[in-house]
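Peer 1: This one is query-v8.pdb, PDB, C-alpha atoms.
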```pdb
MODEL        1
ATOM      1  CA  MET T 739       4.796 -16.481  13.729  1.00  0.00           C
ATOM      2  CA  GLN T 740       2.287 -19.241  13.215  1.00  0.00           C
ATOM      3  CA  LEU T 741      -1.432 -18.621  13.084  1.00  0.00           C
ATOM      4  CA  SER T 742      -4.642 -19.953  11.646  1.00  0.00           C
ATOM      5  CA  ALA T 743      -7.668 -17.791  10.894  1.00  0.00           C
ATOM      6  CA  PRO T 744     -10.571 -17.310   8.509  1.00  0.00           C
ATOM      7  CA  ALA T 745      -9.684 -14.611   5.981  1.00  0.00           C
ATOM      8  CA  ILE T 746     -11.101 -12.698   3.045  1.00  0.00           C
ATOM      9  CA  VAL T 747      -8.860 -12.649  -0.030  1.00  0.00           C
ATOM     10  CA  CYS T 748      -8.481  -8.941  -0.890  1.00  0.00           C
ATOM     11  CA  SER T 749      -5.895  -9.149  -3.655  1.00  0.00           C
ATOM     12  CA  ALA T 750      -3.518 -11.589  -5.320  1.00  0.00           C
ATOM     13  CA  ARG T 751      -0.628 -10.668  -7.579  1.00  0.00           C
ATOM     14  CA  PRO T 752       1.821 -12.961  -9.374  1.00  0.00           C
ATOM     15  CA  HIS T 753       5.230 -13.463  -7.829  1.00  0.00           C
ATOM     16  CA  GLY T 754       7.939 -15.532  -9.465  1.00  0.00           C
ATOM     17  CA  GLU T 755       7.079 -18.326 -11.855  1.00  0.00           C
ATOM     18  CA  THR T 756       4.160 -19.927 -10.055  1.00  0.00           C
ATOM     19  CA  GLY T 757       3.649 -18.098  -6.766  1.00  0.00           C
ATOM     20  CA  VAL T 758       1.276 -15.363  -5.667  1.00  0.00           C
ATOM     21  CA  ILE T 759       1.449 -12.692  -3.002  1.00  0.00           C
ATOM     22  CA  ALA T 760      -2.004 -12.552  -1.452  1.00  0.00           C
ATOM     23  CA  ARG T 761      -3.346  -9.865   0.840  1.00  0.00           C
ATOM     24  CA  LEU T 762      -5.668 -11.512   3.336  1.00  0.00           C
ATOM     25  CA  MET T 763      -8.038  -9.666   5.671  1.00  0.00           C
ATOM     26  CA  THR T 764      -8.545 -11.377   9.023  1.00  0.00           C
ATOM     27  CA  GLU T 765     -10.757 -10.235  11.855  1.00  0.00           C
ATOM     28  CA  ARG T 766      -8.235 -10.757  14.622  1.00  0.00           C
ATOM     29  CA  TYR T 767      -4.901  -9.961  12.940  1.00  0.00           C
ATOM     30  CA  GLY T 768      -5.890  -7.412  10.296  1.00  0.00           C
ATOM     31  CA  LEU T 769      -4.532  -7.375   6.759  1.00  0.00           C
ATOM     32  CA  ILE T 770      -1.628  -9.756   6.137  1.00  0.00           C
ATOM     33  CA  ALA T 771       0.432 -10.143   2.972  1.00  0.00           C
ATOM     34  CA  ALA T 772       1.599 -13.718   2.437  1.00  0.00           C
ATOM     35  CA  TYR T 773       3.298 -15.829  -0.212  1.00  0.00           C
ATOM     36  CA  VAL T 774       1.197 -18.662  -1.643  1.00  0.00           C
ATOM     37  CA  ALA T 775       3.345 -21.267  -3.385  1.00  0.00           C
ATOM     38  CA  GLY T 776       1.696 -22.532  -6.568  1.00  0.00           C
ATOM     39  CA  GLY T 777      -0.938 -19.794  -6.360  1.00  0.00           C
ATOM     40  CA  ARG T 778      -1.134 -19.500 -10.134  1.00  0.00           C
ATOM     41  CA  GLY T 779      -1.702 -23.213 -10.596  1.00  0.00           C
ATOM     42  CA  ARG T 780      -4.947 -24.867 -11.615  1.00  0.00           C
ATOM     43  CA  GLN T 781      -5.886 -25.841  -8.043  1.00  0.00           C
ATOM     44  CA  LEU T 782      -5.216 -22.564  -6.235  1.00  0.00           C
ATOM     45  CA  ARG T 783      -6.133 -19.996  -8.873  1.00  0.00           C
ATOM     46  CA  PRO T 784      -9.899 -20.291  -8.136  1.00  0.00           C
ATOM     47  CA  VAL T 785      -9.176 -20.047  -4.404  1.00  0.00           C
ATOM     48  CA  LEU T 786      -7.317 -16.731  -4.763  1.00  0.00           C
ATOM     49  CA  ILE T 787     -10.236 -14.768  -6.235  1.00  0.00           C
ATOM     50  CA  PRO T 788     -10.775 -11.472  -4.358  1.00  0.00           C
ATOM     51  CA  GLY T 789     -13.812 -11.763  -2.127  1.00  0.00           C
ATOM     52  CA  ASN T 790     -13.365 -15.465  -1.424  1.00  0.00           C
ATOM     53  CA  VAL T 791     -13.355 -16.580   2.195  1.00  0.00           C
ATOM     54  CA  VAL T 792     -10.560 -19.000   3.078  1.00  0.00           C
ATOM     55  CA  ASP T 793      -9.145 -20.790   6.073  1.00  0.00           C
ATOM     56  CA  ALA T 794      -5.581 -19.458   6.160  1.00  0.00           C
ATOM     57  CA  GLU T 795      -2.632 -21.099   7.876  1.00  0.00           C
ATOM     58  CA  LEU T 796       0.298 -18.673   8.012  1.00  0.00           C
ATOM     59  CA  ARG T 797       3.881 -19.397   9.018  1.00  0.00           C
ATOM     60  CA  GLN T 798       6.770 -16.963   9.284  1.00  0.00           C
ATOM     61  CA  ARG T 799      10.294 -17.869  10.386  1.00  0.00           C
ATOM     62  CA  SER T 800      11.528 -14.325  10.971  1.00  0.00           C
ATOM     63  CA  GLU T 801      10.192 -10.759  11.018  1.00  0.00           C
ATOM     64  CA  SER T 802      12.064  -9.938   7.803  1.00  0.00           C
ATOM     65  CA  GLN T 803      10.449 -12.790   5.875  1.00  0.00           C
ATOM     66  CA  LEU T 804       7.081 -12.725   4.141  1.00  0.00           C
ATOM     67  CA  PRO T 805       4.795 -15.334   5.716  1.00  0.00           C
ATOM     68  CA  PHE T 806       3.974 -18.489   3.767  1.00  0.00           C
ATOM     69  CA  ALA T 807       0.269 -19.266   3.505  1.00  0.00           C
ATOM     70  CA  ARG T 808      -1.684 -22.459   2.987  1.00  0.00           C
ATOM     71  CA  LEU T 809      -5.286 -21.728   2.031  1.00  0.00           C
ATOM     72  CA  GLU T 810      -8.446 -23.780   1.990  1.00  0.00           C
ATOM     73  CA  LEU T 811     -11.542 -22.406   0.269  1.00  0.00           C
ATOM     74  CA  VAL T 812     -14.583 -21.838   2.500  1.00  0.00           C
ATOM     75  CA  ILE T 813     -16.833 -19.537   0.411  1.00  0.00           C
ATOM     76  CA  SER T 814     -16.365 -18.840  -3.299  1.00  0.00           C
ATOM     77  CA  ARG T 815     -17.473 -15.591  -4.940  1.00  0.00           C
ATOM     78  CA  GLY T 816     -16.607 -17.047  -8.343  1.00  0.00           C
ATOM     79  CA  PRO T 817     -20.233 -17.612  -9.433  1.00  0.00           C
ATOM     80  CA  TRP T 818     -20.943 -13.864  -9.198  1.00  0.00           C
ATOM     81  CA  LEU T 819     -17.938 -12.766 -11.248  1.00  0.00           C
ATOM     82  CA  GLY T 820     -19.822 -13.487 -14.469  1.00  0.00           C
ATOM     83  CA  GLU T 821     -22.198 -10.607 -13.669  1.00  0.00           C
ATOM     84  CA  PRO T 822     -20.575  -7.213 -14.304  1.00  0.00           C
ATOM     85  CA  LEU T 823     -22.199  -5.240 -11.473  1.00  0.00           C
ATOM     86  CA  PRO T 824     -21.556  -7.726  -8.623  1.00  0.00           C
ATOM     87  CA  ALA T 825     -18.066  -8.386  -9.988  1.00  0.00           C
ATOM     88  CA  ALA T 826     -17.288  -4.648  -9.982  1.00  0.00           C
ATOM     89  CA  ALA T 827     -18.638  -4.235  -6.431  1.00  0.00           C
ATOM     90  CA  ILE T 828     -16.656  -7.196  -5.097  1.00  0.00           C
ATOM     91  CA  GLY T 829     -13.505  -5.995  -6.859  1.00  0.00           C
ATOM     92  CA  TRP T 830     -13.815  -2.453  -5.510  1.00  0.00           C
ATOM     93  CA  ALA T 831     -14.647  -3.431  -1.915  1.00  0.00           C
ATOM     94  CA  CYS T 832     -11.639  -5.759  -1.744  1.00  0.00           C
ATOM     95  CA  ALA T 833      -9.309  -3.303  -3.499  1.00  0.00           C
ATOM     96  CA  LEU T 834     -10.222  -0.587  -0.996  1.00  0.00           C
ATOM     97  CA  ALA T 835      -9.240  -2.815   1.935  1.00  0.00           C
ATOM     98  CA  ALA T 836      -6.079  -4.109   0.250  1.00  0.00           C
ATOM     99  CA  SER T 837      -4.782  -0.680  -0.674  1.00  0.00           C
ATOM    100  CA  THR T 838      -5.665   1.434   2.367  1.00  0.00           C
ATOM    101  CA  LEU T 839      -5.458  -0.691   5.516  1.00  0.00           C
ATOM    102  CA  PRO T 840      -2.100  -0.917   7.288  1.00  0.00           C
ATOM    103  CA  GLU T 841      -0.792  -4.434   7.688  1.00  0.00           C
ATOM    104  CA  ARG T 842      -1.264  -6.373  10.902  1.00  0.00           C
ATOM    105  CA  HIS T 843      -3.562  -3.842  12.537  1.00  0.00           C
ATOM    106  CA  ALA T 844      -6.828  -5.446  13.547  1.00  0.00           C
ATOM    107  CA  TYR T 845      -9.973  -3.696  12.360  1.00  0.00           C
ATOM    108  CA  PRO T 846     -12.696  -6.155  13.375  1.00  0.00           C
ATOM    109  CA  SER T 847     -15.491  -3.744  12.438  1.00  0.00           C
ATOM    110  CA  ILE T 848     -14.079  -3.330   8.906  1.00  0.00           C
ATOM    111  CA  TYR T 849     -13.672  -7.093   8.553  1.00  0.00           C
ATOM    112  CA  GLN T 850     -17.280  -7.648   9.625  1.00  0.00           C
ATOM    113  CA  ALA T 851     -18.560  -4.868   7.357  1.00  0.00           C
ATOM    114  CA  LEU T 852     -16.629  -6.228   4.364  1.00  0.00           C
ATOM    115  CA  SER T 853     -17.878  -9.750   5.035  1.00  0.00           C
ATOM    116  CA  ALA T 854     -21.501  -8.575   5.316  1.00  0.00           C
ATOM    117  CA  LEU T 855     -21.180  -6.413   2.205  1.00  0.00           C
ATOM    118  CA  LEU T 856     -19.804  -9.280   0.116  1.00  0.00           C
ATOM    119  CA  ASP T 857     -22.667 -11.511   1.290  1.00  0.00           C
ATOM    120  CA  ALA T 858     -25.174  -8.785   0.400  1.00  0.00           C
ATOM    121  CA  VAL T 859     -23.680  -8.249  -3.063  1.00  0.00           C
ATOM    122  CA  CYS T 860     -23.966 -11.962  -3.757  1.00  0.00           C
ATOM    123  CA  HIS T 861     -27.458 -12.485  -2.367  1.00  0.00           C
ATOM    124  CA  ALA T 862     -29.444  -9.245  -2.722  1.00  0.00           C
ATOM    125  CA  PRO T 863     -31.834  -9.291  -5.689  1.00  0.00           C
ATOM    126  CA  SER T 864     -30.442  -5.980  -7.017  1.00  0.00           C
ATOM    127  CA  ALA T 865     -27.832  -3.320  -6.319  1.00  0.00           C
ATOM    128  CA  ARG T 866     -30.438  -1.286  -4.449  1.00  0.00           C
ATOM    129  CA  GLY T 867     -30.226  -3.958  -1.765  1.00  0.00           C
ATOM    130  CA  TRP T 868     -26.472  -3.634  -1.189  1.00  0.00           C
ATOM    131  CA  LEU T 869     -25.600  -0.060  -2.216  1.00  0.00           C
ATOM    132  CA  PRO T 870     -26.401   1.366   1.266  1.00  0.00           C
ATOM    133  CA  GLY T 871     -24.102  -1.288   2.737  1.00  0.00           C
ATOM    134  CA  LEU T 872     -21.312  -0.273   0.352  1.00  0.00           C
ATOM    135  CA  LEU T 873     -21.692   3.372   1.383  1.00  0.00           C
ATOM    136  CA  ALA T 874     -21.607   2.372   5.065  1.00  0.00           C
ATOM    137  CA  TYR T 875     -18.479   0.260   4.456  1.00  0.00           C
ATOM    138  CA  GLU T 876     -16.631   3.118   2.715  1.00  0.00           C
ATOM    139  CA  THR T 877     -17.654   5.520   5.489  1.00  0.00           C
ATOM    140  CA  LEU T 878     -16.438   3.063   8.118  1.00  0.00           C
ATOM    141  CA  VAL T 879     -13.041   2.720   6.418  1.00  0.00           C
ATOM    142  CA  LEU T 880     -12.670   6.517   6.381  1.00  0.00           C
ATOM    143  CA  ARG T 881     -13.689   6.773  10.034  1.00  0.00           C
ATOM    144  CA  GLU T 882     -11.499   3.893  11.275  1.00  0.00           C
ATOM    145  CA  LEU T 883      -8.456   5.354   9.525  1.00  0.00           C
ATOM    146  CA  GLY T 884      -8.996   8.736  11.178  1.00  0.00           C
ATOM    147  CA  TYR T 885     -10.693  10.787   8.464  1.00  0.00           C
ATOM    148  CA  GLY T 886     -14.110  11.208  10.027  1.00  0.00           C
ATOM    149  CA  GLY T 887     -17.063  10.497   7.847  1.00  0.00           C
ATOM    150  CA  SER T 888     -20.735  10.102   8.547  1.00  0.00           C
ATOM    151  CA  GLY T 889     -23.277   7.893   6.868  1.00  0.00           C
ATOM    152  CA  PRO T 890     -25.312   9.145   3.933  1.00  0.00           C
ATOM    153  CA  PRO T 891     -28.506  10.997   4.926  1.00  0.00           C
ATOM    154  CA  ASP T 892     -31.782   9.131   4.637  1.00  0.00           C
ATOM    155  CA  SER T 893     -33.674  10.437   1.656  1.00  0.00           C
ATOM    156  CA  PRO T 894     -36.669   9.193  -0.325  1.00  0.00           C
ATOM    157  CA  ASP T 895     -34.987  10.456  -3.494  1.00  0.00           C
ATOM    158  CA  PRO T 896     -33.904   7.403  -5.534  1.00  0.00           C
ATOM    159  CA  ALA T 897     -30.870   9.360  -6.787  1.00  0.00           C
ATOM    160  CA  ALA T 898     -29.620  10.035  -3.225  1.00  0.00           C
ATOM    161  CA  PRO T 899     -27.464   6.875  -2.904  1.00  0.00           C
ATOM    162  CA  LEU T 900     -25.602   7.658  -6.134  1.00  0.00           C
ATOM    163  CA  ALA T 901     -25.081  11.273  -5.030  1.00  0.00           C
ATOM    164  CA  ALA T 902     -23.679   9.983  -1.714  1.00  0.00           C
ATOM    165  CA  PHE T 903     -21.504   7.527  -3.654  1.00  0.00           C
ATOM    166  CA  ASP T 904     -19.993  10.419  -5.625  1.00  0.00           C
ATOM    167  CA  VAL T 905     -19.329  12.508  -2.496  1.00  0.00           C
ATOM    168  CA  LEU T 906     -17.655   9.576  -0.746  1.00  0.00           C
ATOM    169  CA  GLY T 907     -15.530   8.986  -3.830  1.00  0.00           C
ATOM    170  CA  GLN T 908     -14.090  12.488  -3.551  1.00  0.00           C
ATOM    171  CA  GLN T 909     -13.240  11.898   0.117  1.00  0.00           C
ATOM    172  CA  LEU T 910     -11.588   8.559  -0.605  1.00  0.00           C
ATOM    173  CA  GLU T 911      -9.518  10.097  -3.418  1.00  0.00           C
ATOM    174  CA  ARG T 912      -8.456  13.029  -1.290  1.00  0.00           C
ATOM    175  CA  TYR T 913      -7.648  11.263   1.960  1.00  0.00           C
ATOM    176  CA  LEU T 914      -6.939   7.577   1.470  1.00  0.00           C
ATOM    177  CA  LEU T 915      -5.925   7.163  -2.155  1.00  0.00           C
ATOM    178  CA  ALA T 916      -4.148  10.400  -3.010  1.00  0.00           C
ATOM    179  CA  ASP T 917      -0.969   8.597  -4.053  1.00  0.00           C
ATOM    180  CA  ARG T 918      -2.692   5.587  -5.687  1.00  0.00           C
ATOM    181  CA  ARG T 919      -5.688   7.260  -7.253  1.00  0.00           C
ATOM    182  CA  GLY T 920      -5.321   5.906 -10.779  1.00  0.00           C
ATOM    183  CA  ASP T 921      -4.863   2.236  -9.983  1.00  0.00           C
ATOM    184  CA  VAL T 922      -7.395   1.751  -7.222  1.00  0.00           C
ATOM    185  CA  MET T 923     -10.002   4.356  -8.118  1.00  0.00           C
ATOM    186  CA  GLY T 924     -10.276   2.815 -11.583  1.00  0.00           C
ATOM    187  CA  ALA T 925     -12.188  -0.051  -9.944  1.00  0.00           C
ATOM    188  CA  ARG T 926     -14.568   2.440  -8.347  1.00  0.00           C
ATOM    189  CA  VAL T 927     -15.063   4.332 -11.611  1.00  0.00           C
ATOM    190  CA  LEU T 928     -16.039   1.068 -13.291  1.00  0.00           C
ATOM    191  CA  LEU T 929     -18.498   0.315 -10.491  1.00  0.00           C
ATOM    192  CA  ARG T 930     -19.990   3.826 -10.834  1.00  0.00           C
ATOM    193  CA  GLN T 931     -20.563   3.259 -14.548  1.00  0.00           C
ATOM    194  CA  TRP T 932     -22.490   0.058 -13.846  1.00  0.00           C
ATOM    195  CA  LEU T 933     -24.475   1.667 -11.019  1.00  0.00           C
ATOM    196  CA  ALA T 934     -25.553   4.474 -13.355  1.00  0.00           C
ATOM    197  CA  ARG T 935     -27.475   1.900 -15.368  1.00  0.00           C
ATOM    198  CA  ILE T 936     -29.777   1.043 -12.470  1.00  0.00           C
ATOM    199  CA  SER T 937     -30.833   4.613 -11.708  1.00  0.00           C
TER
ENDMDL
END
```
Would you write out, as structure tokens, the structure that this file holds?

Peer 2:
Amino acid sequence: MQLSAPAIVCSARPHGETGVIARLMTERYGLIAAYVAGGRGRQLRPVLIPGNVVDAELRQRSESQLPFARLELVISRGPWLGEPLPAAAIGWACALAASTLPERHAYPSIYQALSALLDAVCHAPSARGWLPGLLAYETLVLRELGYGGSGPPDSPDPAAPLAAFDVLGQQLERYLLADRRGDVMGARVLLRQWLARIS
């Protein structure tokens, strides 16, 4: 396998002395896990931040081997990681994709929704501007993976988005994250705590 594609970094975990295994979401090829040599080094560490958009070049010699990736930064989400609420939203959105999507199955609508959500988190003046997008993204993930789901009802009540957020959380725990609830849902719990401060 040899391919080149824009990708969203969804997760990166250390592997060996200096390497990283990155989970990259691409529009055409879906989620791909790949080994990034030197990923913990000074040059690549800022590239492998979840939420970053990269140009990924992936090579794989055999089906049993993890692909090797060379990455070039296109868009950095680093500037928003100093703010707790955007950082929590970016972390959760990427963790949801990394932990629930099957590898190498294309979900172009999820890729587009994640990309738009990350842009909104970074550029909306407040969480009220991107929270509906987050709810739509979570609903889309549930629907694309076969668990139904409909968007939150329109309501003038300012507490309605947080109520919808809580309901969706129960569905995600029950259907998608039943076996990984503690690790992944911890990111969502943190986001919920920060969102409570804006209500």

Peer 1: Evaluate the PyMOL selection byres ((chain T and resi 813-815) around 7) and record the selected residues as a list in words, following the chain and residue labels used in the document.

Peer 2: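 Evaluating the PyMOL selection byres ((chain T and resi 813-815) around 7) on these coordinates yields Gly789, Asn790, Val791, Val792, Leu811, Val812, Gly816, Pro817, Trp818 and Leu819 of chain T.
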
Peer 1: Might you spell out which residues the PyMOL selection byres ((chain T and resi 839) around 10) would select in the displayed file, as a count of residues only?

Peer 2: 20

Peer 1: So the first atom is atom CA of Leu796 of chain T and the second is atom CA of Arg766 of chain T; what is the distance between them in Å, to one decimal place?

Peer 2: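 Between atom CA of Leu796 of chain T and atom CA of Arg766 of chain T the gap is 13.4 Å.
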
Peer 1: Find the residue from T:Pro744, T:Gly754, T:Pro824, T:Gly776 that sits nearest to Trp932 of chain T; use all atoms listed in the file when measuring.

Peer 2: T:Pro824

Peer 1: Counting all atoms listed in the file, which residue out of T:Leu869, T:Ile936, T:Ala898, T:Gln740 sits closest to Glu801 of chain T?

Peer 2: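 Nearest candidate to Glu801 of chain T out of T:Leu869, T:Ile936, T:Ala898, T:Gln740: T:Gln740.
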
Peer 1: Excluding Phe806 of chain T and any residue of its chain fewer than 3 positions from it, enumerate the residues within 9 Å of it, using all atoms listed in the file, and give them as a PyMOL selection string.

Peer 2: chain T and resi 772-775+795-798+803

Peer 1: Between atom CA of Met739 of chain T and atom CA of Ala771 of chain T, what is the distance in Å, rounded to a tenth?

Peer 2: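 Distance reported for this atom pair: 13.2 Å.
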
Peer 1: Select, from T:Ala874, T:Ala743, T:Leu880, T:Cys748, the residue with the minimum atom-to-atom distance to Leu915 of chain T, counting only C-alpha atoms.

Peer 2: T:Leu880

Peer 1: Please compute the atom CA of Val859 of chain T-atom CA of Tyr767 of chain T distance, one decimal, in Å.

Peer 2: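 Pair atom CA of Val859 of chain T / atom CA of Tyr767 of chain T returns 24.7 Å.
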
Peer 1: Which is closest to Leu786 of chain T among T:Asp857, T:Asp904, T:Glu810, T:Glu755, if we use only C-alpha atoms?

Peer 2: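 That would be T:Glu810, the residue with the smallest distance to Leu786 of chain T.
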
Peer 1: With a distance cut-off of 10 Å and all atoms listed in the file, select the neighbouring residues of Ala934 of chain T, excluding the residue or stretch itself and same-chain residues fewer than 3 positions from it, and output the selection as a PyMOL selection string.

Peer 2: chain T and resi 897+900+929-931+937

Peer 1: Restore N, CA and C atoms in segment 915-929 of chain T and list the result as a PDB file, keeping the file's coordinate frame.

Peer 2:
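File produced: result_12.pdb:
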```
ATOM      1  N   LEU T 915      -6.517   7.678  -0.919  1.00  0.00           N
ATOM      2  CA  LEU T 915      -5.925   7.163  -2.155  1.00  0.00           C
ATOM      3  C   LEU T 915      -5.220   8.244  -2.962  1.00  0.00           C
ATOM      4  N   ALA T 916      -4.758   9.284  -2.291  1.00  0.00           N
ATOM      5  CA  ALA T 916      -4.148  10.400  -3.010  1.00  0.00           C
ATOM      6  C   ALA T 916      -2.947   9.963  -3.837  1.00  0.00           C
ATOM      7  N   ASP T 917      -2.168   9.016  -3.331  1.00  0.00           N
ATOM      8  CA  ASP T 917      -0.969   8.597  -4.053  1.00  0.00           C
ATOM      9  C   ASP T 917      -1.200   7.369  -4.939  1.00  0.00           C
ATOM     10  N   ARG T 918      -2.407   6.780  -4.880  1.00  0.00           N
ATOM     11  CA  ARG T 918      -2.692   5.587  -5.687  1.00  0.00           C
ATOM     12  C   ARG T 918      -3.997   5.749  -6.450  1.00  0.00           C
ATOM     13  N   ARG T 919      -4.382   6.960  -6.690  1.00  0.00           N
ATOM     14  CA  ARG T 919      -5.688   7.260  -7.253  1.00  0.00           C
ATOM     15  C   ARG T 919      -5.984   6.497  -8.530  1.00  0.00           C
ATOM     16  N   GLY T 920      -5.068   6.505  -9.477  1.00  0.00           N
ATOM     17  CA  GLY T 920      -5.321   5.906 -10.779  1.00  0.00           C
ATOM     18  C   GLY T 920      -5.593   4.421 -10.711  1.00  0.00           C
ATOM     19  N   ASP T 921      -4.735   3.692 -10.022  1.00  0.00           N
ATOM     20  CA  ASP T 921      -4.863   2.236  -9.983  1.00  0.00           C
ATOM     21  C   ASP T 921      -6.125   1.781  -9.271  1.00  0.00           C
ATOM     22  N   VAL T 922      -6.314   2.265  -8.055  1.00  0.00           N
ATOM     23  CA  VAL T 922      -7.395   1.751  -7.222  1.00  0.00           C
ATOM     24  C   VAL T 922      -8.726   2.385  -7.601  1.00  0.00           C
ATOM     25  N   MET T 923      -8.736   3.687  -7.823  1.00  0.00           N
ATOM     26  CA  MET T 923     -10.002   4.356  -8.118  1.00  0.00           C
ATOM     27  C   MET T 923     -10.579   3.922  -9.462  1.00  0.00           C
ATOM     28  N   GLY T 924      -9.752   3.347 -10.322  1.00  0.00           N
ATOM     29  CA  GLY T 924     -10.276   2.815 -11.583  1.00  0.00           C
ATOM     30  C   GLY T 924     -11.348   1.764 -11.336  1.00  0.00           C
ATOM     31  N   ALA T 925     -11.181   0.958 -10.289  1.00  0.00           N
ATOM     32  CA  ALA T 925     -12.188  -0.051  -9.944  1.00  0.00           C
ATOM     33  C   ALA T 925     -13.478   0.614  -9.505  1.00  0.00           C
ATOM     34  N   ARG T 926     -13.365   1.737  -8.803  1.00  0.00           N
ATOM     35  CA  ARG T 926     -14.568   2.440  -8.347  1.00  0.00           C
ATOM     36  C   ARG T 926     -15.265   3.140  -9.507  1.00  0.00           C
ATOM     37  N   VAL T 927     -14.481   3.691 -10.421  1.00  0.00           N
ATOM     38  CA  VAL T 927     -15.063   4.332 -11.611  1.00  0.00           C
ATOM     39  C   VAL T 927     -15.863   3.315 -12.412  1.00  0.00           C
ATOM     40  N   LEU T 928     -15.321   2.128 -12.577  1.00  0.00           N
ATOM     41  CA  LEU T 928     -16.039   1.068 -13.291  1.00  0.00           C
ATOM     42  C   LEU T 928     -17.339   0.724 -12.580  1.00  0.00           C
ATOM     43  N   LEU T 929     -17.286   0.602 -11.257  1.00  0.00           N
ATOM     44  CA  LEU T 929     -18.498   0.315 -10.491  1.00  0.00           C
ATOM     45  C   LEU T 929     -19.522   1.432 -10.674  1.00  0.00           C
TER      46      LEU T 929
END
```
